>>> print(open('work_6.pdb').read())   # PDB, C-alpha atoms
ATOM      1  CA  MET A 298     -18.788-148.600  20.199
ATOM      2  CA  PRO A 299     -15.446-147.516  18.587
ATOM      3  CA  ARG A 300     -17.334-145.229  16.157
ATOM      4  CA  THR A 301     -19.147-143.640  19.111
ATOM      5  CA  THR A 302     -15.838-143.088  20.927
ATOM      6  CA  ALA A 303     -14.362-141.388  17.862
ATOM      7  CA  LEU A 304     -17.400-139.149  17.431
ATOM      8  CA  MET A 305     -17.317-138.207  21.123
ATOM      9  CA  THR A 306     -13.569-137.442  21.010
ATOM     10  CA  ILE A 307     -13.869-135.246  17.925
ATOM     11  CA  THR A 308     -16.932-133.490  19.343
ATOM     12  CA  ARG A 309     -14.992-132.780  22.555
ATOM     13  CA  TYR A 310     -12.089-131.440  20.462
ATOM     14  CA  PHE A 311     -14.314-129.004  18.545
ATOM     15  CA  ASP A 312     -16.219-127.984  21.675
ATOM     16  CA  ALA A 313     -12.886-127.110  23.290
ATOM     17  CA  PHE A 314     -11.834-125.219  20.151
ATOM     18  CA  ASN A 315     -15.005-123.133  20.198
ATOM     19  CA  GLN A 316     -14.520-122.395  23.914
ATOM     20  CA  GLY A 317     -10.918-121.311  23.297
ATOM     21  CA  ASP A 318      -9.779-124.077  25.662
ATOM     22  CA  THR A 319      -6.505-125.100  24.048
ATOM     23  CA  SER A 320      -5.491-127.138  27.110
ATOM     24  CA  ALA A 321      -8.556-129.346  26.615
ATOM     25  CA  MET A 322      -7.709-129.701  22.902
ATOM     26  CA  GLU A 323      -4.136-130.671  23.756
ATOM     27  CA  SER A 324      -5.343-133.277  26.281
ATOM     28  CA  LEU A 325      -7.086-135.141  23.445
ATOM     29  CA  VAL A 326      -3.976-135.706  21.327
ATOM     30  CA  SER A 327      -1.465-138.529  21.642
ATOM     31  CA  ASP A 328       2.205-138.058  22.508
ATOM     32  CA  ASN A 329       3.158-138.885  18.901
ATOM     33  CA  PHE A 330       0.486-136.551  17.467
ATOM     34  CA  GLU A 331       1.027-135.285  13.909
ATOM     35  CA  HIS A 332      -0.521-131.958  12.948
ATOM     36  CA  HIS A 333      -0.686-131.395   9.195
ATOM     37  CA  VAL A 334      -1.619-127.765   8.574
ATOM     38  CA  ASN A 335      -2.990-126.393   5.313
ATOM     39  CA  GLU A 336       0.111-124.322   4.582
ATOM     40  CA  GLY A 337       3.368-125.267   6.257
ATOM     41  CA  ARG A 338       5.298-128.101   7.778
ATOM     42  CA  VAL A 339       4.002-131.054   9.761
ATOM     43  CA  ARG A 340       4.233-130.476  13.507
ATOM     44  CA  THR A 341       4.899-133.516  15.664
ATOM     45  CA  GLY A 342       4.115-133.904  19.354
ATOM     46  CA  VAL A 343       2.003-132.169  21.942
ATOM     47  CA  GLU A 344       4.513-129.369  22.575
ATOM     48  CA  ALA A 345       4.559-128.350  18.892
ATOM     49  CA  PHE A 346       0.745-128.375  18.924
ATOM     50  CA  ARG A 347       0.759-126.226  22.076
ATOM     51  CA  GLU A 348       3.062-123.679  20.377
ATOM     52  CA  PHE A 349       0.796-123.640  17.310
ATOM     53  CA  ASN A 350      -2.273-123.045  19.496
ATOM     54  CA  SER A 351      -0.550-120.181  21.303
ATOM     55  CA  HIS A 352       0.332-118.551  17.987
ATOM     56  CA  MET A 353      -3.193-119.009  16.617
ATOM     57  CA  THR A 354      -4.787-117.589  19.782
ATOM     58  CA  ARG A 355      -2.637-114.472  19.430
ATOM     59  CA  CYS A 356      -3.432-113.942  15.734
ATOM     60  CA  TYR A 357      -7.031-115.156  15.365
ATOM     61  CA  ARG A 358     -10.322-115.483  17.209
ATOM     62  CA  GLU A 359     -12.362-118.227  15.547
ATOM     63  CA  GLN A 360     -15.582-120.168  15.980
ATOM     64  CA  LEU A 361     -16.525-123.217  13.948
ATOM     65  CA  VAL A 362     -20.149-123.360  12.840
ATOM     66  CA  ASP A 363     -22.299-125.678  10.703
ATOM     67  CA  LEU A 364     -20.139-128.528  11.992
ATOM     68  CA  VAL A 365     -20.709-132.041  10.626
ATOM     69  CA  ILE A 366     -18.610-134.912  12.036
ATOM     70  CA  LEU A 367     -18.306-138.398  10.496
ATOM     71  CA  ALA A 368     -16.389-141.468  11.677
ATOM     72  CA  ASN A 369     -15.718-144.954  10.356
ATOM     73  CA  ASP A 370     -17.161-147.998  12.149
ATOM     74  CA  GLN A 371     -13.763-148.935  13.603
ATOM     75  CA  GLY A 372     -13.368-145.506  15.231
ATOM     76  CA  THR A 373      -9.912-145.050  13.709
ATOM     77  CA  ARG A 374     -10.734-142.313  11.193
ATOM     78  CA  ALA A 375     -12.972-139.259  11.343
ATOM     79  CA  ALA A 376     -13.704-136.184   9.277
ATOM     80  CA  ALA A 377     -15.420-132.879   9.872
ATOM     81  CA  GLU A 378     -16.725-130.141   7.623
ATOM     82  CA  PHE A 379     -17.450-126.653   8.952
ATOM     83  CA  ILE A 380     -17.366-122.920   8.409
ATOM     84  CA  VAL A 381     -14.639-120.968  10.214
ATOM     85  CA  LYS A 382     -16.014-117.602  11.353
ATOM     86  CA  GLY A 383     -13.120-115.523  12.505
ATOM     87  CA  VAL A 384     -11.491-112.225  13.278
ATOM     88  CA  TYR A 385      -7.891-111.536  12.243
ATOM     89  CA  LEU A 386      -6.376-109.993  15.391
ATOM     90  CA  ASP A 387      -2.600-109.750  14.933
ATOM     91  CA  THR A 388      -0.519-109.897  11.749
ATOM     92  CA  ASP A 389       0.617-113.465  11.101
ATOM     93  CA  GLY A 390       4.106-113.569   9.578
ATOM     94  CA  ASN A 391       4.136-112.508   5.918
ATOM     95  CA  LEU A 392       0.340-112.492   5.634
ATOM     96  CA  PRO A 393      -1.569-109.231   5.089
ATOM     97  CA  PRO A 394      -1.650-106.803   8.019
ATOM     98  CA  ALA A 395      -4.302-107.538  10.632
ATOM     99  CA  ARG A 396      -6.876-104.812  11.195
ATOM    100  CA  GLY A 397      -9.642-106.786  12.876
ATOM    101  CA  GLN A 398     -10.951-108.167   9.577
ATOM    102  CA  HIS A 399     -13.797-110.686   9.768
ATOM    103  CA  TYR A 400     -13.894-113.780   7.586
ATOM    104  CA  ALA A 401     -16.029-116.857   6.949
ATOM    105  CA  LEU A 402     -14.187-119.752   5.390
ATOM    106  CA  PRO A 403     -15.318-123.285   4.505
ATOM    107  CA  ALA A 404     -12.871-125.876   5.866
ATOM    108  CA  GLY A 405     -12.453-129.553   6.579
ATOM    109  CA  SER A 406     -10.419-131.641   9.014
ATOM    110  CA  PHE A 407      -9.411-135.283   8.891
ATOM    111  CA  PHE A 408      -8.413-137.316  11.929
ATOM    112  CA  THR A 409      -6.725-140.589  12.771
ATOM    113  CA  LEU A 410      -7.491-141.936  16.239
ATOM    114  CA  GLN A 411      -6.301-144.661  18.599
ATOM    115  CA  GLY A 412      -8.978-145.206  21.208
ATOM    116  CA  ASP A 413      -9.915-141.799  22.575
ATOM    117  CA  LYS A 414      -6.701-140.056  21.467
ATOM    118  CA  ILE A 415      -6.155-138.155  18.232
ATOM    119  CA  THR A 416      -2.917-139.241  16.540
ATOM    120  CA  ARG A 417      -3.209-137.124  13.372
ATOM    121  CA  LEU A 418      -5.088-133.985  12.386
ATOM    122  CA  THR A 419      -5.034-132.609   8.842
ATOM    123  CA  THR A 420      -6.952-129.416   8.051
ATOM    124  CA  TYR A 421      -7.706-127.939   4.631
ATOM    125  CA  TYR A 422      -9.122-124.571   3.596
ATOM    126  CA  ASN A 423      -8.779-122.258   0.609
ATOM    127  CA  LEU A 424      -5.977-119.834   1.485
ATOM    128  CA  ALA A 425      -6.708-117.676  -1.594
ATOM    129  CA  ASP A 426     -10.295-117.239  -0.339
ATOM    130  CA  TRP A 427      -9.059-116.195   3.124
ATOM    131  CA  LEU A 428      -6.522-113.768   1.617
ATOM    132  CA  ALA A 429      -9.242-112.160  -0.518
ATOM    133  CA  GLN A 430     -11.439-111.720   2.557
ATOM    134  CA  VAL A 431      -8.782-110.062   4.726
ATOM    135  CA  SER A 432      -6.959-108.017   2.066
TER     136      SER A 432
END
>>> encode(input="work_6.pdb", output="structure tokens")
Amino acid sequence: MPRTTALMTITRYFDAFNQGDTSAMESLVSDNFEHHVNEGRVRTGVEAFREFNSHMTRCYREQLVDLVILANDQGTRAAAEFIVKGVYLDTDGNLPPARGQHYALPAGSFFTLQGDKITRLTTYYNLADWLAQVS
């Protein structure tokens, strides 16, 4: 049953992501949540995750497709592989200027869970690939 709980939690997380429902995503993380992003510092806590989501919603519109989710038998670890199909909406910091560029980027996420709460999320993608697509 723990594996099933993990799979259901991660599925709910990605469903919320694809619906643009950041509040639902945030409801699935623990108070001591750690968000390890591909490029940048670790963000800790729900409020930091909320700020990240707000920033991402402003700069990008993304859908995750070809999603495959795996979990260990104990339900404490999970992983997902997917393609990020996106549109670059608003220039993000020192990144290239946004002009509505479309991109498709392979990515993966790794999760640690306690029960039905996500305590850690680490996401990896090839930044050089993304830069080439939007430049």
>>> residues_around(input="work_6.pdb", residues="segment 381-397 of chain A", least_positions_apart="5", cutoff="6 Å", atoms="only C-alpha atoms", output="short mmCIF file (atom, residue, chain, number, x, y, z; two decimals) with C-alpha atoms, keeping the file's coordinate frame")
data_model
loop_
_atom_site.label_atom_id
_atom_site.label_comp_id
_atom_site.auth_asym_id
_atom_site.auth_seq_id
_atom_site.Cartn_x
_atom_site.Cartn_y
_atom_site.Cartn_z
CA CYS A 356 -3.43 -113.94 15.73
CA TYR A 357 -7.03 -115.16 15.36
CA ARG A 358 -10.32 -115.48 17.21
CA GLU A 359 -12.36 -118.23 15.55
CA GLN A 360 -15.58 -120.17 15.98
CA LEU A 361 -16.52 -123.22 13.95
CA LEU A 402 -14.19 -119.75 5.39
#
>>> residues_around(input="work_6.pdb", residues="His333 of chain A", least_positions_apart="2", cutoff="10 Å", atoms="only C-alpha atoms", output="ChimeraX atom specification")
/A:330-331,335-341,406-407,417-421
>>> write_last_selection(input="work_6.pdb", atoms="C-alpha atoms", output="CSV table (one decimal), in the frame of the given file")
chain,number,residue,atom,x,y,z
A,330,PHE,CA,0.5,-136.6,17.5
A,331,GLU,CA,1.0,-135.3,13.9
A,335,ASN,CA,-3.0,-126.4,5.3
A,336,GLU,CA,0.1,-124.3,4.6
A,337,GLY,CA,3.4,-125.3,6.3
A,338,ARG,CA,5.3,-128.1,7.8
A,339,VAL,CA,4.0,-131.1,9.8
A,340,ARG,CA,4.2,-130.5,13.5
A,341,THR,CA,4.9,-133.5,15.7
A,406,SER,CA,-10.4,-131.6,9.0
A,407,PHE,CA,-9.4,-135.3,8.9
A,417,ARG,CA,-3.2,-137.1,13.4
A,418,LEU,CA,-5.1,-134.0,12.4
A,419,THR,CA,-5.0,-132.6,8.8
A,420,THR,CA,-7.0,-129.4,8.1
A,421,TYR,CA,-7.7,-127.9,4.6
>>> closest_residue(input="work_6.pdb", among="A:Val362, A:Thr409, A:Ala376, A:Glu323", to="Ala345 of chain A", atoms="all atoms listed in the file")
A:Glu323
>>> closest_residue(input="work_6.pdb", among="A:Ile415, A:Ala425, A:Ile380, A:Val431", to="Thr306 of chain A", atoms="only C-alpha atoms")
A:Ile415
>>> residues_near_point(input="work_6.pdb", point="(-19.9, -142.1, 19.8)", cutoff="12 Å", atoms="all atoms listed in the file", output="JSON, numbers by chain")
{"A": [298, 299, 300, 301, 302, 303, 304, 305, 306, 307, 308, 309, 366, 367, 368, 369, 370, 371, 372, 375, 412, 413]}
>>> atom_distance(input="work_6.pdb", atom1="atom CA of Pro403 of chain A", atom2="atom CA of Asn315 of chain A")
15.7 Å
>>> closest_residue(input="work_6.pdb", among="A:Val343, A:Val326, A:Ala313, A:Ala401", to="Asn423 of chain A", atoms="all atoms listed in the file")
A:Ala401
>>> closest_residue(input="work_6.pdb", among="A:Gln430, A:Thr373, A:Asn329, A:Thr319", to="Gly342 of chain A", atoms="all atoms listed in the file")
A:Asn329
>>> atom_distance(input="work_6.pdb", atom1="atom CA of His352 of chain A", atom2="atom CA of Glu378 of chain A")
23.1 Å
>>> atom_distance(input="work_6.pdb", atom1="atom CA of Glu348 of chain A", atom2="atom CA of Asp363 of chain A")
27.2 Å
>>> build_atoms(input="work_6.pdb", residues="segment 357-368 of chain A", atoms="all heavy atoms", output="PDB file, keeping the file's coordinate frame")
ATOM      1  N   TYR A 357      -5.666-114.932  15.846  1.00  0.00           N
ATOM      2  CA  TYR A 357      -7.031-115.156  15.365  1.00  0.00           C
ATOM      3  C   TYR A 357      -7.992-115.434  16.517  1.00  0.00           C
ATOM      4  O   TYR A 357      -7.611-116.029  17.523  1.00  0.00           O
ATOM      5  CB  TYR A 357      -7.072-116.371  14.418  1.00  0.00           C
ATOM      6  CG  TYR A 357      -6.054-116.302  13.315  1.00  0.00           C
ATOM      7  CD1 TYR A 357      -4.787-116.865  13.475  1.00  0.00           C
ATOM      8  CD2 TYR A 357      -6.342-115.672  12.116  1.00  0.00           C
ATOM      9  CE1 TYR A 357      -3.842-116.801  12.465  1.00  0.00           C
ATOM     10  CE2 TYR A 357      -5.406-115.603  11.095  1.00  0.00           C
ATOM     11  CZ  TYR A 357      -4.156-116.167  11.279  1.00  0.00           C
ATOM     12  OH  TYR A 357      -3.216-116.104  10.275  1.00  0.00           O
ATOM     13  N   ARG A 358      -9.242-115.043  16.328  1.00  0.00           N
ATOM     14  CA  ARG A 358     -10.322-115.483  17.209  1.00  0.00           C
ATOM     15  C   ARG A 358     -11.339-116.160  16.288  1.00  0.00           C
ATOM     16  O   ARG A 358     -11.900-115.507  15.404  1.00  0.00           O
ATOM     17  CB  ARG A 358     -10.950-114.312  17.961  1.00  0.00           C
ATOM     18  CG  ARG A 358     -12.056-114.771  18.926  1.00  0.00           C
ATOM     19  CD  ARG A 358     -12.610-113.634  19.783  1.00  0.00           C
ATOM     20  NE  ARG A 358     -13.158-112.569  18.961  1.00  0.00           N
ATOM     21  CZ  ARG A 358     -12.701-111.312  18.934  1.00  0.00           C
ATOM     22  NH1 ARG A 358     -11.691-110.943  19.687  1.00  0.00           N
ATOM     23  NH2 ARG A 358     -13.270-110.399  18.159  1.00  0.00           N
ATOM     24  N   GLU A 359     -11.543-117.457  16.478  1.00  0.00           N
ATOM     25  CA  GLU A 359     -12.362-118.227  15.547  1.00  0.00           C
ATOM     26  C   GLU A 359     -13.406-119.077  16.262  1.00  0.00           C
ATOM     27  O   GLU A 359     -13.179-119.538  17.381  1.00  0.00           O
ATOM     28  CB  GLU A 359     -11.479-119.150  14.691  1.00  0.00           C
ATOM     29  CG  GLU A 359     -10.492-118.396  13.829  1.00  0.00           C
ATOM     30  CD  GLU A 359      -9.605-119.277  12.987  1.00  0.00           C
ATOM     31  OE1 GLU A 359      -9.272-120.399  13.426  1.00  0.00           O
ATOM     32  OE2 GLU A 359      -9.233-118.842  11.888  1.00  0.00           O
ATOM     33  N   GLN A 360     -14.525-119.251  15.570  1.00  0.00           N
ATOM     34  CA  GLN A 360     -15.582-120.168  15.980  1.00  0.00           C
ATOM     35  C   GLN A 360     -15.903-121.031  14.773  1.00  0.00           C
ATOM     36  O   GLN A 360     -15.921-120.544  13.638  1.00  0.00           O
ATOM     37  CB  GLN A 360     -16.848-119.410  16.395  1.00  0.00           C
ATOM     38  CG  GLN A 360     -16.727-118.681  17.702  1.00  0.00           C
ATOM     39  CD  GLN A 360     -16.764-119.638  18.871  1.00  0.00           C
ATOM     40  OE1 GLN A 360     -17.758-120.316  19.097  1.00  0.00           O
ATOM     41  NE2 GLN A 360     -15.677-119.696  19.621  1.00  0.00           N
ATOM     42  N   LEU A 361     -16.160-122.297  15.016  1.00  0.00           N
ATOM     43  CA  LEU A 361     -16.525-123.217  13.948  1.00  0.00           C
ATOM     44  C   LEU A 361     -18.020-123.447  14.018  1.00  0.00           C
ATOM     45  O   LEU A 361     -18.546-123.817  15.067  1.00  0.00           O
ATOM     46  CB  LEU A 361     -15.755-124.530  14.107  1.00  0.00           C
ATOM     47  CG  LEU A 361     -14.233-124.376  14.240  1.00  0.00           C
ATOM     48  CD1 LEU A 361     -13.565-125.725  14.356  1.00  0.00           C
ATOM     49  CD2 LEU A 361     -13.655-123.565  13.091  1.00  0.00           C
ATOM     50  N   VAL A 362     -18.703-123.216  12.899  1.00  0.00           N
ATOM     51  CA  VAL A 362     -20.149-123.360  12.840  1.00  0.00           C
ATOM     52  C   VAL A 362     -20.529-124.311  11.715  1.00  0.00           C
ATOM     53  O   VAL A 362     -19.696-124.649  10.867  1.00  0.00           O
ATOM     54  CB  VAL A 362     -20.849-121.989  12.658  1.00  0.00           C
ATOM     55  CG1 VAL A 362     -20.524-121.060  13.828  1.00  0.00           C
ATOM     56  CG2 VAL A 362     -20.473-121.341  11.338  1.00  0.00           C
ATOM     57  N   ASP A 363     -21.793-124.723  11.708  1.00  0.00           N
ATOM     58  CA  ASP A 363     -22.299-125.678  10.703  1.00  0.00           C
ATOM     59  C   ASP A 363     -21.428-126.934  10.663  1.00  0.00           C
ATOM     60  O   ASP A 363     -21.118-127.466   9.598  1.00  0.00           O
ATOM     61  CB  ASP A 363     -22.384-125.034   9.313  1.00  0.00           C
ATOM     62  CG  ASP A 363     -23.326-123.851   9.283  1.00  0.00           C
ATOM     63  OD1 ASP A 363     -24.277-123.824  10.092  1.00  0.00           O
ATOM     64  OD2 ASP A 363     -23.119-122.946   8.459  1.00  0.00           O
ATOM     65  N   LEU A 364     -21.063-127.404  11.832  1.00  0.00           N
ATOM     66  CA  LEU A 364     -20.139-128.528  11.992  1.00  0.00           C
ATOM     67  C   LEU A 364     -20.847-129.861  11.739  1.00  0.00           C
ATOM     68  O   LEU A 364     -21.896-130.140  12.317  1.00  0.00           O
ATOM     69  CB  LEU A 364     -19.573-128.494  13.414  1.00  0.00           C
ATOM     70  CG  LEU A 364     -18.560-129.541  13.815  1.00  0.00           C
ATOM     71  CD1 LEU A 364     -17.280-129.412  13.003  1.00  0.00           C
ATOM     72  CD2 LEU A 364     -18.246-129.402  15.301  1.00  0.00           C
ATOM     73  N   VAL A 365     -20.248-130.674  10.876  1.00  0.00           N
ATOM     74  CA  VAL A 365     -20.709-132.041  10.626  1.00  0.00           C
ATOM     75  C   VAL A 365     -19.511-132.963  10.850  1.00  0.00           C
ATOM     76  O   VAL A 365     -18.445-132.741  10.283  1.00  0.00           O
ATOM     77  CB  VAL A 365     -21.235-132.212   9.182  1.00  0.00           C
ATOM     78  CG1 VAL A 365     -21.619-133.657   8.925  1.00  0.00           C
ATOM     79  CG2 VAL A 365     -22.408-131.291   8.919  1.00  0.00           C
ATOM     80  N   ILE A 366     -19.687-133.982  11.708  1.00  0.00           N
ATOM     81  CA  ILE A 366     -18.610-134.912  12.036  1.00  0.00           C
ATOM     82  C   ILE A 366     -19.019-136.314  11.595  1.00  0.00           C
ATOM     83  O   ILE A 366     -20.137-136.753  11.865  1.00  0.00           O
ATOM     84  CB  ILE A 366     -18.311-134.911  13.551  1.00  0.00           C
ATOM     85  CG1 ILE A 366     -17.944-133.501  14.015  1.00  0.00           C
ATOM     86  CG2 ILE A 366     -17.195-135.907  13.887  1.00  0.00           C
ATOM     87  CD1 ILE A 366     -17.863-133.341  15.516  1.00  0.00           C
ATOM     88  N   LEU A 367     -18.097-137.019  10.954  1.00  0.00           N
ATOM     89  CA  LEU A 367     -18.306-138.398  10.496  1.00  0.00           C
ATOM     90  C   LEU A 367     -17.166-139.261  11.024  1.00  0.00           C
ATOM     91  O   LEU A 367     -16.052-138.769  11.204  1.00  0.00           O
ATOM     92  CB  LEU A 367     -18.303-138.451   8.964  1.00  0.00           C
ATOM     93  CG  LEU A 367     -19.238-137.484   8.247  1.00  0.00           C
ATOM     94  CD1 LEU A 367     -18.866-137.396   6.777  1.00  0.00           C
ATOM     95  CD2 LEU A 367     -20.669-137.914   8.427  1.00  0.00           C
ATOM     96  N   ALA A 368     -17.441-140.544  11.239  1.00  0.00           N
ATOM     97  CA  ALA A 368     -16.389-141.468  11.677  1.00  0.00           C
ATOM     98  C   ALA A 368     -16.643-142.844  11.072  1.00  0.00           C
ATOM     99  O   ALA A 368     -17.796-143.223  10.829  1.00  0.00           O
ATOM    100  CB  ALA A 368     -16.344-141.568  13.201  1.00  0.00           C
TER     101      ALA A 368
END
